[in-house]
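This report concerns only the one structure given below.
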Amino acid sequence: MDIDAQYAHARDFLSRIPLISSNSKYNLDQETGDRPAITLTYAQSLDGKISRADQRLLLSGDESAAMTHRLRTMHDGILIGVGTALFDDPQLSVRLVPAGELLDVRHPQPIVLDSKLRIPPTARLLTGPQNNPRLHPPWIITGTDHNPQRREELERAGARVIVIEDCDKTGRPRLTAVAAALWSLGIQRLMVEGGARVIQSFLESQLVDVLIVTIAPVLVGSSGVSAVGAPTVDALTITPLSYEPFGRDIVMAATIQHVHARE
């Protein structure tokens, strides 16, 4: 299947998902309050692993990867943790689209959770926009306990450093405060791509509205990193909307309802 067919398949599948589709009748202010509508998405193996402990693991096939890139175009921002930024050195741009749409594609705003400002100025998230003006320099979300010198280095490299004062006892910004800050900056739809700590933190914070999981037909084993490492994740109900084959992979799209929202 060529990229045009892959992308058409992805467009049709994602057009049926509430909150992220342009066809959606949901009112974001009423549905999510003063925060973005949040889509959590990741790829995992059959045994629930998203990576190996010491090396990158490419799980998505071509067809599901095209779906992920289509999903990026449907969000204002795309968020990862600093661990993923350091380990994968991603661009978080939109590339797997038909050639005729590449020049008009909308790239999401890259956002990195980085309480200690560990991301280096040489990361591709920072160097990419210097070479391609259509890409957005990243927003780095940090707490009050950060290195001012590193902040200056990152800002000189083009990053926007956003300081969140509401942090937990480890110095990490609370996700509710992060979501509210992003909403105030114009992020209405936020895509969260991981890694494992970010996936679990967003689920536990009861901020996820849509869950999209790509399941690849591989087994990683016990040495792999689980998508959710907590013994239990309570207070949410996952309602699958669709299971769709994308090449060798299966993609599940679901909505999430939280206990506090029903009480």
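Residues are referred to by chain and number: the chain letter is A, B, ... according to the order shown in the structure tokens, the number counts from 1 in that chain, and ligands are numbered separately from 1 in the order shown.
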Excluding same-chain residues fewer than 3 positions from range 124-135 of chain A, what lies within 8 Å of it counting only C-alpha atoms, as a PDB file with N, CA, C and O atoms, in the first residue's frame?
```
ATOM      1  N   ASP A  89      15.550  11.250  20.588  1.00  0.00           N
ATOM      2  CA  ASP A  89      15.887  12.478  19.859  1.00  0.00           C
ATOM      3  C   ASP A  89      14.929  12.701  18.674  1.00  0.00           C
ATOM      4  O   ASP A  89      15.349  12.832  17.529  1.00  0.00           O
ATOM      5  N   PRO A  90      13.618  12.770  18.959  1.00  0.00           N
ATOM      6  CA  PRO A  90      12.631  12.858  17.872  1.00  0.00           C
ATOM      7  C   PRO A  90      12.501  14.275  17.321  1.00  0.00           C
ATOM      8  O   PRO A  90      12.964  15.254  17.927  1.00  0.00           O
ATOM      9  N   GLN A  91      11.832  14.388  16.189  1.00  0.00           N
ATOM     10  CA  GLN A  91      11.493  15.691  15.620  1.00  0.00           C
ATOM     11  C   GLN A  91      10.056  16.090  15.941  1.00  0.00           C
ATOM     12  O   GLN A  91       9.736  17.275  15.983  1.00  0.00           O
ATOM     13  N   LEU A  92       9.183  15.109  16.102  1.00  0.00           N
ATOM     14  CA  LEU A  92       7.757  15.329  16.372  1.00  0.00           C
ATOM     15  C   LEU A  92       7.089  16.149  15.271  1.00  0.00           C
ATOM     16  O   LEU A  92       6.144  16.895  15.520  1.00  0.00           O
ATOM     17  N   SER A  93       7.562  15.996  14.058  1.00  0.00           N
ATOM     18  CA  SER A  93       6.986  16.691  12.909  1.00  0.00           C
ATOM     19  C   SER A  93       6.090  15.733  12.131  1.00  0.00           C
ATOM     20  O   SER A  93       5.967  14.555  12.464  1.00  0.00           O
ATOM     21  N   HIS A 107       2.121  21.331  11.216  1.00  0.00           N
ATOM     22  CA  HIS A 107       2.916  20.654  12.224  1.00  0.00           C
ATOM     23  C   HIS A 107       2.443  21.072  13.616  1.00  0.00           C
ATOM     24  O   HIS A 107       2.219  22.258  13.876  1.00  0.00           O
ATOM     25  N   PRO A 110       5.682  21.237  19.323  1.00  0.00           N
ATOM     26  CA  PRO A 110       6.338  20.264  20.202  1.00  0.00           C
ATOM     27  C   PRO A 110       6.433  20.794  21.634  1.00  0.00           C
ATOM     28  O   PRO A 110       6.772  21.969  21.854  1.00  0.00           O
ATOM     29  N   PRO A 121      20.730  21.706  23.937  1.00  0.00           N
ATOM     30  CA  PRO A 121      20.461  22.619  22.816  1.00  0.00           C
ATOM     31  C   PRO A 121      20.711  21.990  21.455  1.00  0.00           C
ATOM     32  O   PRO A 121      20.258  22.519  20.430  1.00  0.00           O
ATOM     33  N   PRO A 138      10.551  24.160  20.149  1.00  0.00           N
ATOM     34  CA  PRO A 138       9.807  23.486  21.213  1.00  0.00           C
ATOM     35  C   PRO A 138       9.491  24.394  22.394  1.00  0.00           C
ATOM     36  O   PRO A 138      10.195  25.368  22.663  1.00  0.00           O
ATOM     37  N   ALA A 157      18.899  28.898  21.939  1.00  0.00           N
ATOM     38  CA  ALA A 157      18.761  27.918  20.848  1.00  0.00           C
ATOM     39  C   ALA A 157      17.376  27.949  20.219  1.00  0.00           C
ATOM     40  O   ALA A 157      17.140  27.250  19.230  1.00  0.00           O
ATOM     41  N   GLY A 158      16.457  28.734  20.796  1.00  0.00           N
ATOM     42  CA  GLY A 158      15.137  28.896  20.188  1.00  0.00           C
ATOM     43  C   GLY A 158      13.981  28.369  21.001  1.00  0.00           C
ATOM     44  O   GLY A 158      12.816  28.584  20.630  1.00  0.00           O
ATOM     45  N   ALA A 159      14.249  27.657  22.095  1.00  0.00           N
ATOM     46  CA  ALA A 159      13.168  27.081  22.886  1.00  0.00           C
ATOM     47  C   ALA A 159      12.424  28.161  23.662  1.00  0.00           C
ATOM     48  O   ALA A 159      12.987  29.197  24.029  1.00  0.00           O
TER      49      ALA A 159
END
```
**Request:** For Ile256 in chain A, list every protein, DNA or RNA residue within 8 Å, evaluated using only C-alpha atoms, and leave out those in the same chain fewer than 6 positions away; present the list as a list in words.
**Result:** Val208, Asp209, Val210, Leu211, Leu236, Thr237, Ile238 and Thr239 of chain A
How would the residues just chosen look if you wrote them out with N, CA and C atoms as a CSV table (one decimal), in the first residue's frame?
```
chain,number,residue,atom,x,y,z
A,208,VAL,N,-6.9,12.2,30.4
A,208,VAL,CA,-7.0,11.6,29.1
A,208,VAL,C,-8.4,11.5,28.6
A,209,ASP,N,-8.7,12.0,27.4
A,209,ASP,CA,-10.1,11.9,26.9
A,209,ASP,C,-10.2,10.8,25.8
A,210,VAL,N,-9.1,10.7,25.0
A,210,VAL,CA,-9.1,9.7,23.9
A,210,VAL,C,-7.8,8.9,24.0
A,211,LEU,N,-7.9,7.6,23.9
A,211,LEU,CA,-6.8,6.6,23.9
A,211,LEU,C,-6.7,5.9,22.6
A,236,LEU,N,-11.0,4.9,36.2
A,236,LEU,CA,-11.3,5.2,34.8
A,236,LEU,C,-11.9,4.0,34.1
A,237,THR,N,-12.7,4.3,33.1
A,237,THR,CA,-13.4,3.3,32.3
A,237,THR,C,-13.0,3.5,30.8
A,238,ILE,N,-12.5,2.5,30.2
A,238,ILE,CA,-12.1,2.6,28.8
A,238,ILE,C,-13.2,2.0,27.9
A,239,THR,N,-13.7,2.8,27.0
A,239,THR,CA,-14.8,2.4,26.1
A,239,THR,C,-14.3,2.4,24.7
```
**Request:** Apply DSSP to the backbone of this structure and, from range 136-169 of chain A, keep only the residues in helix (DSSP H, G or I); write these as an MDAnalysis selection string.
**Result:** chainID A and resid 148:156
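Atom pair CA of Ser184 in chain A / CA of Ser115 in chain A: separated by 20.0 Å.
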**Prompt:** So, counting only C-alpha atoms, which residue among A:Ile187, A:Leu40, A:Ala99, A:Ile164 is closest to Ile199 in chain A?
**Reply:** A:Leu40
Would you write out, as a tab-separated table, a table of all residues in range 41-125 of chain A that have an atom no more than 12 Å from an atom of range 173-181 of chain A, listing for each the closest atom pair and the distance in Å to one decimal, considering only C-alpha atoms and ordering rows by chain and rising residue number?
```
residue	atom	partner	partner_atom	distance
A:Gly77	CA	A:Ala179	CA	11.1
A:Leu79	CA	A:Ala179	CA	10.7
A:Gly81	CA	A:Leu175	CA	11.8
A:Ile111	CA	A:Val178	CA	10.6
A:Val112	CA	A:Val178	CA	10.9
A:Leu113	CA	A:Pro173	CA	8.3
A:Asp114	CA	A:Pro173	CA	8.9
A:Ser115	CA	A:Pro173	CA	7.0
A:Lys116	CA	A:Pro173	CA	10.6
```
